[in-house]
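Down below is the structure, laid out as structure tokens.
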Amino acid sequence: MAATSSRPGGVPEPTAPEPTAPVAAPPVVVLGECVADAFTVPPPGGGAQPSAPSIGLEVLPGGGPANTAVALARLGTPTRFLGRLSRDVFGRLFREHLAASGVDLGAAVEAAEPSTLAVADVDAAGRAEYSFHAEGTADWQWTDGELAAAASGPAACVHTGSLALVRPPGGEAVERLLERVRGRATVSVDPNVRPLLVEPAVYRERLPRWCAAADILRLSDDDLGHLLPGAGVEEAAGVLHGHGAALVVVTLGAAGAYASLEGAGGAGRVRLRVPAPPTAVVDTVGAGDAFTGGLLHSLHSAGALGGRLDGLTAGVLEQALATGAAVAAATCAVRGANPPRAHRMGRHTPG
């Protein structure tokens, strides 16, 4: 209750109301898998001849959506992760990694199934090829009931994609969730095509549905080659806009990123390109996921998330692309999917 003072004659004079605490912005919600990324390292023994051929493995926490959640939280965006985390040793590793990065795990599901494992073979240029151990693992078993409970809280944006969106039995349940949350949150999708696990034709068949649900579609140039073979970025963006996506962002590796925004503030279609910062590449693991984290962080900081991107301007979008490119470059400069924290990003991380 506001305090009062008295005017002459005993008439109460109201004072200014007590200030109220600012309302926290709704978080970005990230839905999808955690994957144990195993990298080959020299076998133990200090170079002594082993009794049998062997390789050593260094296991790091990964998975496209989990990497994006970590990037967002480390940059300072309130982030909630919706994942099915196994009770096994890798699940414990994921929980520790996400929590230490500032990700809210209050809505994550504790799953009885094992974690997904990916063995990465990194070439001399830092590019990784994966072999997956993913049958019957925790990440793909979503039910409508689990998702309804996990996603019931406030959200400025719901981001998903990668294998959790396409692998059975849970992929179709994730699609149905996106249709339900559109009324209250911006929807972001990253297809992250994995042809070793799911035929590209499956992605192509579902792509129109994802675009119809998504306000933001982020994909790599490799994804584009699988989804729309032979199409250049501008032609592909036109096709994806036609299916319903308002903002299409294509990451181009060392060539930077391209974005096409349809109907920005009534100004028609906006097209932008940003360069990639010069980087001494250690590996590219998690670079696209980190880009998405930087992009969404910048849009969230600018107040652009929460609806259909109607007020998104070219200037805000260009800054978001630059932030994404800077976060991706910093991730390429270290081993594995290890995106930077805000204090290491300088001017590229507004807010």
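Please note that chains go A, B, ... in the order of the structure tokens, that every chain numbers its residues from 1, and that ligands are numbered from 1 in the order shown.
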Do you know which residues are at most 12 Å from Ala236 of chain A counting only C-alpha atoms, after dropping those on the same chain fewer than 4 positions away, and could you put them as an mmCIF file with N, CA, C and O atoms, in the first residue's frame?
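Heads up, here's the output in around-v7.cif:
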data_model
loop_
_atom_site.group_PDB
_atom_site.id
_atom_site.type_symbol
_atom_site.label_atom_id
_atom_site.label_comp_id
_atom_site.auth_asym_id
_atom_site.auth_seq_id
_atom_site.Cartn_x
_atom_site.Cartn_y
_atom_site.Cartn_z
ATOM 1 N N LEU A 217 13.537 -20.264 -39.323
ATOM 2 C CA LEU A 217 14.116 -21.521 -39.792
ATOM 3 C C LEU A 217 15.597 -21.278 -40.025
ATOM 4 O O LEU A 217 15.978 -20.477 -40.869
ATOM 5 N N LEU A 219 19.184 -23.096 -40.986
ATOM 6 C CA LEU A 219 19.773 -24.295 -41.555
ATOM 7 C C LEU A 219 21.147 -23.975 -42.113
ATOM 8 O O LEU A 219 21.476 -22.818 -42.385
ATOM 9 N N SER A 220 21.957 -25.012 -42.270
ATOM 10 C CA SER A 220 23.291 -24.842 -42.835
ATOM 11 C C SER A 220 23.241 -25.023 -44.340
ATOM 12 O O SER A 220 22.257 -25.511 -44.898
ATOM 13 N N ASP A 221 24.342 -24.667 -45.000
ATOM 14 C CA ASP A 221 24.403 -24.908 -46.445
ATOM 15 C C ASP A 221 24.388 -26.401 -46.739
ATOM 16 O O ASP A 221 23.829 -26.834 -47.764
ATOM 17 N N ASP A 223 22.669 -28.631 -44.939
ATOM 18 C CA ASP A 223 21.248 -28.959 -44.824
ATOM 19 C C ASP A 223 20.508 -28.599 -46.106
ATOM 20 O O ASP A 223 19.669 -29.361 -46.601
ATOM 21 N N LEU A 224 20.821 -27.419 -46.623
ATOM 22 C CA LEU A 224 20.151 -26.938 -47.826
ATOM 23 C C LEU A 224 20.382 -27.891 -48.996
ATOM 24 O O LEU A 224 19.468 -28.170 -49.783
ATOM 25 N N GLY A 225 21.613 -28.439 -49.106
ATOM 26 C CA GLY A 225 21.903 -29.382 -50.174
ATOM 27 C C GLY A 225 21.073 -30.646 -50.083
ATOM 28 O O GLY A 225 20.722 -31.256 -51.102
ATOM 29 N N HIS A 226 20.737 -31.072 -48.854
ATOM 30 C CA HIS A 226 19.889 -32.253 -48.674
ATOM 31 C C HIS A 226 18.411 -31.935 -48.895
ATOM 32 O O HIS A 226 17.666 -32.757 -49.433
ATOM 33 N N LEU A 227 17.981 -30.752 -48.445
ATOM 34 C CA LEU A 227 16.556 -30.435 -48.447
ATOM 35 C C LEU A 227 16.066 -29.891 -49.778
ATOM 36 O O LEU A 227 14.958 -30.219 -50.223
ATOM 37 N N LEU A 228 16.881 -29.052 -50.413
ATOM 38 C CA LEU A 228 16.508 -28.441 -51.702
ATOM 39 C C LEU A 228 17.718 -28.541 -52.625
ATOM 40 O O LEU A 228 18.387 -27.543 -52.911
ATOM 41 N N PRO A 229 18.026 -29.731 -53.109
ATOM 42 C CA PRO A 229 19.241 -29.931 -53.909
ATOM 43 C C PRO A 229 19.285 -29.000 -55.120
ATOM 44 O O PRO A 229 18.302 -28.850 -55.840
ATOM 45 N N GLY A 230 20.445 -28.355 -55.300
ATOM 46 C CA GLY A 230 20.650 -27.503 -56.461
ATOM 47 C C GLY A 230 20.151 -26.076 -56.309
ATOM 48 O O GLY A 230 20.437 -25.231 -57.151
ATOM 49 N N ALA A 231 19.440 -25.761 -55.253
ATOM 50 C CA ALA A 231 18.898 -24.409 -55.080
ATOM 51 C C ALA A 231 19.927 -23.511 -54.405
ATOM 52 O O ALA A 231 20.586 -23.920 -53.446
ATOM 53 N N GLY A 232 20.071 -22.284 -54.910
ATOM 54 C CA GLY A 232 20.877 -21.286 -54.227
ATOM 55 C C GLY A 232 20.144 -20.747 -53.021
ATOM 56 O O GLY A 232 18.947 -21.008 -52.820
ATOM 57 N N LEU A 240 11.051 -21.608 -48.952
ATOM 58 C CA LEU A 240 10.759 -21.796 -47.535
ATOM 59 C C LEU A 240 9.783 -20.740 -47.027
ATOM 60 O O LEU A 240 8.918 -21.032 -46.194
ATOM 61 N N HIS A 241 9.910 -19.505 -47.521
ATOM 62 C CA HIS A 241 8.896 -18.485 -47.218
ATOM 63 C C HIS A 241 7.526 -18.939 -47.720
ATOM 64 O O HIS A 241 6.508 -18.738 -47.046
ATOM 65 N N GLY A 242 7.511 -19.526 -48.895
ATOM 66 C CA GLY A 242 6.248 -19.982 -49.462
ATOM 67 C C GLY A 242 5.559 -21.026 -48.600
ATOM 68 O O GLY A 242 4.328 -21.119 -48.587
ATOM 69 N N HIS A 243 6.348 -21.814 -47.862
ATOM 70 C CA HIS A 243 5.779 -22.807 -46.949
ATOM 71 C C HIS A 243 5.357 -22.195 -45.620
ATOM 72 O O HIS A 243 4.693 -22.862 -44.827
ATOM 73 N N ALA A 245 7.633 -19.984 -43.375
ATOM 74 C CA ALA A 245 8.657 -19.439 -42.474
ATOM 75 C C ALA A 245 8.882 -17.954 -42.757
ATOM 76 O O ALA A 245 9.149 -17.571 -43.898
ATOM 77 N N VAL A 248 14.271 -16.851 -42.664
ATOM 78 C CA VAL A 248 15.106 -17.971 -43.079
ATOM 79 C C VAL A 248 16.557 -17.536 -42.945
ATOM 80 O O VAL A 248 16.965 -16.509 -43.507
ATOM 81 N N VAL A 249 17.339 -18.304 -42.187
ATOM 82 C CA VAL A 249 18.759 -18.015 -41.986
ATOM 83 C C VAL A 249 19.560 -19.228 -42.431
ATOM 84 O O VAL A 249 19.291 -20.352 -41.990
ATOM 85 N N VAL A 250 20.545 -18.995 -43.322
ATOM 86 C CA VAL A 250 21.401 -20.072 -43.810
ATOM 87 C C VAL A 250 22.833 -19.745 -43.401
ATOM 88 O O VAL A 250 23.375 -18.697 -43.779
ATOM 89 N N TYR A 258 23.570 -15.905 -44.359
ATOM 90 C CA TYR A 258 22.581 -15.207 -45.193
ATOM 91 C C TYR A 258 21.238 -15.271 -44.483
ATOM 92 O O TYR A 258 20.901 -16.296 -43.869
ATOM 93 N N ALA A 259 20.472 -14.181 -44.547
ATOM 94 C CA ALA A 259 19.133 -14.178 -43.957
ATOM 95 C C ALA A 259 18.152 -13.527 -44.909
ATOM 96 O O ALA A 259 18.478 -12.570 -45.623
ATOM 97 N N SER A 260 16.944 -14.051 -44.906
ATOM 98 C CA SER A 260 15.843 -13.479 -45.678
ATOM 99 C C SER A 260 14.637 -13.373 -44.752
ATOM 100 O O SER A 260 14.211 -14.371 -44.166
#
Give me the residues of segment 194-302 of chain A that have any atom at most 12 Å from an atom of segment 142-166 of chain A; for each, the nearest atom pair and the distance in Å, rounded to one decimal. Use only C-alpha atoms, sort by chain and number, and format it as a Markdown table.
| residue | atom | partner | partner_atom | distance |
| --- | --- | --- | --- | --- |
| A:Arg194 | CA | A:Leu163 | CA | 7.5 |
| A:Pro195 | CA | A:Leu163 | CA | 10.4 |
| A:Leu196 | CA | A:Leu163 | CA | 11.1 |
| A:Leu197 | CA | A:Leu163 | CA | 8.5 |
| A:Val198 | CA | A:Val166 | CA | 7.8 |
| A:Glu199 | CA | A:Val166 | CA | 10.2 |
| A:Pro200 | CA | A:Val166 | CA | 10.5 |
| A:Ala201 | CA | A:Val166 | CA | 11.3 |
| A:Val202 | CA | A:Val166 | CA | 7.9 |
| A:Tyr203 | CA | A:Val166 | CA | 7.3 |
| A:Arg204 | CA | A:Val166 | CA | 10.8 |
| A:Glu205 | CA | A:Val166 | CA | 10.6 |
| A:Arg206 | CA | A:Val166 | CA | 8.3 |
| A:Leu207 | CA | A:Val166 | CA | 10.2 |
| A:Arg209 | CA | A:Leu165 | CA | 11.4 |
| A:Trp210 | CA | A:Gly161 | CA | 9.3 |
| A:Cys211 | CA | A:Gly161 | CA | 11.7 |
| A:Ala213 | CA | A:Val158 | CA | 11.0 |
| A:Ala214 | CA | A:His159 | CA | 9.1 |
| A:Asp215 | CA | A:Cys157 | CA | 9.7 |
| A:Ile216 | CA | A:His159 | CA | 8.9 |
| A:Leu217 | CA | A:Gly161 | CA | 9.6 |
| A:Arg218 | CA | A:Gly161 | CA | 9.5 |
| A:Leu219 | CA | A:Gly161 | CA | 10.0 |
| A:Ser220 | CA | A:Ser162 | CA | 11.9 |
| A:Asp223 | CA | A:Ser162 | CA | 10.8 |
| A:Gly288 | CA | A:Ser162 | CA | 11.4 |
| A:Asp289 | CA | A:Ser162 | CA | 10.0 |
| A:Thr292 | CA | A:His159 | CA | 9.4 |
| A:Gly293 | CA | A:His159 | CA | 9.8 |
| A:Leu295 | CA | A:His159 | CA | 11.6 |
| A:Leu296 | CA | A:Cys157 | CA | 8.6 |
| A:His297 | CA | A:Cys157 | CA | 10.5 |
| A:Leu299 | CA | A:Cys157 | CA | 10.1 |
| A:His300 | CA | A:Ala156 | CA | 7.8 |
| A:Ser301 | CA | A:Ala156 | CA | 11.0 |
| A:Ala302 | CA | A:Ala156 | CA | 12.0 |
Discussion item. Between atom CA of Ala290 of chain A and atom CA of Leu60 of chain A, what distance in Å does the model show, to one decimal?
Written reply: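 We find that atom CA of Ala290 of chain A and atom CA of Leu60 of chain A lie 15.6 Å from each other.
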Discussion item. Give me, as a VMD selection string, the residues of segment 23-178 of chain A that a backbone DSSP run labels alpha helix (DSSP H).
Written reply: chain A and resid 64 to 75 89 to 100 144 to 150 171 to 178
Practice prompt. From segment 96-219 of chain A, collect each residue whose DSSP state is strand (DSSP E or B) and return the set as a ChimeraX atom specification.
Written response: /A:104,109-111,116-122,128-133,157-161,186-190,216-219
How about saving the chosen residues, N, CA and C atoms kept, as a PDB file, in the first residue's frame?
ATOM      1  N   ASP A 104      18.099 -23.859 -17.046  1.00  0.00           N
ATOM      2  CA  ASP A 104      17.061 -24.331 -16.137  1.00  0.00           C
ATOM      3  C   ASP A 104      16.633 -25.734 -16.569  1.00  0.00           C
ATOM      4  N   VAL A 109      12.860 -34.266 -18.289  1.00  0.00           N
ATOM      5  CA  VAL A 109      12.295 -35.556 -17.897  1.00  0.00           C
ATOM      6  C   VAL A 109      13.429 -36.509 -17.542  1.00  0.00           C
ATOM      7  N   GLU A 110      13.315 -37.192 -16.419  1.00  0.00           N
ATOM      8  CA  GLU A 110      14.282 -38.239 -16.077  1.00  0.00           C
ATOM      9  C   GLU A 110      13.846 -39.526 -16.768  1.00  0.00           C
ATOM     10  N   ALA A 111      14.693 -40.032 -17.651  1.00  0.00           N
ATOM     11  CA  ALA A 111      14.313 -41.145 -18.526  1.00  0.00           C
ATOM     12  C   ALA A 111      15.038 -42.423 -18.139  1.00  0.00           C
ATOM     13  N   THR A 116      22.080 -41.213 -25.916  1.00  0.00           N
ATOM     14  CA  THR A 116      22.559 -41.342 -27.284  1.00  0.00           C
ATOM     15  C   THR A 116      24.061 -41.043 -27.331  1.00  0.00           C
ATOM     16  N   LEU A 117      24.796 -41.842 -28.096  1.00  0.00           N
ATOM     17  CA  LEU A 117      26.245 -41.689 -28.233  1.00  0.00           C
ATOM     18  C   LEU A 117      26.589 -41.436 -29.692  1.00  0.00           C
ATOM     19  N   ALA A 118      27.460 -40.472 -29.942  1.00  0.00           N
ATOM     20  CA  ALA A 118      27.973 -40.203 -31.283  1.00  0.00           C
ATOM     21  C   ALA A 118      29.494 -40.227 -31.226  1.00  0.00           C
ATOM     22  N   VAL A 119      30.120 -40.979 -32.125  1.00  0.00           N
ATOM     23  CA  VAL A 119      31.577 -41.021 -32.214  1.00  0.00           C
ATOM     24  C   VAL A 119      31.989 -40.126 -33.370  1.00  0.00           C
ATOM     25  N   ALA A 120      32.776 -39.098 -33.064  1.00  0.00           N
ATOM     26  CA  ALA A 120      33.161 -38.090 -34.044  1.00  0.00           C
ATOM     27  C   ALA A 120      34.547 -38.388 -34.599  1.00  0.00           C
ATOM     28  N   ASP A 121      34.654 -38.358 -35.923  1.00  0.00           N
ATOM     29  CA  ASP A 121      35.941 -38.479 -36.614  1.00  0.00           C
ATOM     30  C   ASP A 121      36.231 -37.122 -37.239  1.00  0.00           C
ATOM     31  N   VAL A 122      37.194 -36.387 -36.689  1.00  0.00           N
ATOM     32  CA  VAL A 122      37.487 -35.016 -37.113  1.00  0.00           C
ATOM     33  C   VAL A 122      38.649 -35.030 -38.088  1.00  0.00           C
ATOM     34  N   ALA A 128      33.766 -32.606 -38.743  1.00  0.00           N
ATOM     35  CA  ALA A 128      33.488 -33.866 -38.047  1.00  0.00           C
ATOM     36  C   ALA A 128      32.468 -34.698 -38.810  1.00  0.00           C
ATOM     37  N   GLU A 129      32.742 -35.993 -38.895  1.00  0.00           N
ATOM     38  CA  GLU A 129      31.752 -36.961 -39.362  1.00  0.00           C
ATOM     39  C   GLU A 129      31.437 -37.890 -38.199  1.00  0.00           C
ATOM     40  N   TYR A 130      30.164 -38.284 -38.099  1.00  0.00           N
ATOM     41  CA  TYR A 130      29.706 -39.002 -36.920  1.00  0.00           C
ATOM     42  C   TYR A 130      29.216 -40.399 -37.261  1.00  0.00           C
ATOM     43  N   SER A 131      29.417 -41.312 -36.343  1.00  0.00           N
ATOM     44  CA  SER A 131      28.674 -42.569 -36.326  1.00  0.00           C
ATOM     45  C   SER A 131      27.852 -42.565 -35.045  1.00  0.00           C
ATOM     46  N   PHE A 132      26.569 -42.910 -35.169  1.00  0.00           N
ATOM     47  CA  PHE A 132      25.633 -42.763 -34.053  1.00  0.00           C
ATOM     48  C   PHE A 132      25.252 -44.112 -33.462  1.00  0.00           C
ATOM     49  N   HIS A 133      25.038 -44.094 -32.162  1.00  0.00           N
ATOM     50  CA  HIS A 133      24.504 -45.235 -31.430  1.00  0.00           C
ATOM     51  C   HIS A 133      23.234 -44.706 -30.754  1.00  0.00           C
ATOM     52  N   CYS A 157      10.142 -17.854 -26.710  1.00  0.00           N
ATOM     53  CA  CYS A 157      10.445 -18.585 -27.940  1.00  0.00           C
ATOM     54  C   CYS A 157      10.591 -20.054 -27.587  1.00  0.00           C
ATOM     55  N   VAL A 158      10.125 -20.919 -28.466  1.00  0.00           N
ATOM     56  CA  VAL A 158      10.390 -22.349 -28.357  1.00  0.00           C
ATOM     57  C   VAL A 158      11.242 -22.740 -29.556  1.00  0.00           C
ATOM     58  N   HIS A 159      12.439 -23.237 -29.276  1.00  0.00           N
ATOM     59  CA  HIS A 159      13.362 -23.660 -30.328  1.00  0.00           C
ATOM     60  C   HIS A 159      13.529 -25.168 -30.277  1.00  0.00           C
ATOM     61  N   THR A 160      13.479 -25.807 -31.439  1.00  0.00           N
ATOM     62  CA  THR A 160      13.708 -27.236 -31.504  1.00  0.00           C
ATOM     63  C   THR A 160      14.293 -27.585 -32.859  1.00  0.00           C
ATOM     64  N   GLY A 161      14.455 -28.879 -33.078  1.00  0.00           N
ATOM     65  CA  GLY A 161      14.983 -29.352 -34.346  1.00  0.00           C
ATOM     66  C   GLY A 161      15.848 -30.566 -34.153  1.00  0.00           C
ATOM     67  N   THR A 186       7.203 -17.290 -30.073  1.00  0.00           N
ATOM     68  CA  THR A 186       7.888 -17.438 -31.355  1.00  0.00           C
ATOM     69  C   THR A 186       8.396 -18.872 -31.462  1.00  0.00           C
ATOM     70  N   VAL A 187       8.331 -19.446 -32.657  1.00  0.00           N
ATOM     71  CA  VAL A 187       8.791 -20.815 -32.885  1.00  0.00           C
ATOM     72  C   VAL A 187      10.021 -20.787 -33.789  1.00  0.00           C
ATOM     73  N   SER A 188      11.076 -21.470 -33.361  1.00  0.00           N
ATOM     74  CA  SER A 188      12.329 -21.552 -34.109  1.00  0.00           C
ATOM     75  C   SER A 188      12.660 -23.015 -34.362  1.00  0.00           C
ATOM     76  N   VAL A 189      13.057 -23.336 -35.598  1.00  0.00           N
ATOM     77  CA  VAL A 189      13.359 -24.720 -35.984  1.00  0.00           C
ATOM     78  C   VAL A 189      14.701 -24.772 -36.703  1.00  0.00           C
ATOM     79  N   ASP A 190      15.526 -25.754 -36.332  1.00  0.00           N
ATOM     80  CA  ASP A 190      16.788 -26.048 -37.012  1.00  0.00           C
ATOM     81  C   ASP A 190      16.742 -27.511 -37.445  1.00  0.00           C
ATOM     82  N   ILE A 216      11.063 -18.820 -37.386  1.00  0.00           N
ATOM     83  CA  ILE A 216      12.485 -18.790 -37.720  1.00  0.00           C
ATOM     84  C   ILE A 216      12.912 -20.175 -38.162  1.00  0.00           C
ATOM     85  N   LEU A 217      13.537 -20.264 -39.323  1.00  0.00           N
ATOM     86  CA  LEU A 217      14.116 -21.521 -39.792  1.00  0.00           C
ATOM     87  C   LEU A 217      15.597 -21.278 -40.025  1.00  0.00           C
ATOM     88  N   ARG A 218      16.434 -21.963 -39.216  1.00  0.00           N
ATOM     89  CA  ARG A 218      17.890 -21.844 -39.367  1.00  0.00           C
ATOM     90  C   ARG A 218      18.418 -23.156 -39.913  1.00  0.00           C
ATOM     91  N   LEU A 219      19.184 -23.096 -40.986  1.00  0.00           N
ATOM     92  CA  LEU A 219      19.773 -24.295 -41.555  1.00  0.00           C
ATOM     93  C   LEU A 219      21.147 -23.975 -42.113  1.00  0.00           C
TER      94      LEU A 219
END
Fill in: Who sits within 9 Å of Ala326 of chain A, only C-alpha atoms, same chain under 4 positions skipped, as JSON, numbers by chain
{"A": [276, 277, 291, 294, 321, 322, 330, 331, 345, 348, 349]}
Practice prompt. Determine the nearest neighbour of Arg273 of chain A from the options A:Gln319, A:Thr137, A:Thr40, A:Ser115, counting only C-alpha atoms.
Written response: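 Nearest to Arg273 of chain A: A:Gln319.
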Worksheet entry | Interatomic distance, atom CA of Leu105 of chain A to atom CA of Arg335 of chain A (Å, one decimal) | 24.9 Å
Worksheet entry | Close residues, Val30 of chain A itself excluded, 9 Å, only C-alpha atoms, min 2 positions apart in chain, as a ChimeraX atom specification | /A:28,32,65-66,68-69,79-83,157-160
Discussion item. If we count only C-alpha atoms and set the cut-off at 9 Å, which residues sit around Phe94 of chain A, ignoring sequence neighbours fewer than 5 positions away in its own chain? Please answer as a PyMOL selection string.
Written reply: chain A and resi 34-36+60-62+66+85-86+89+99
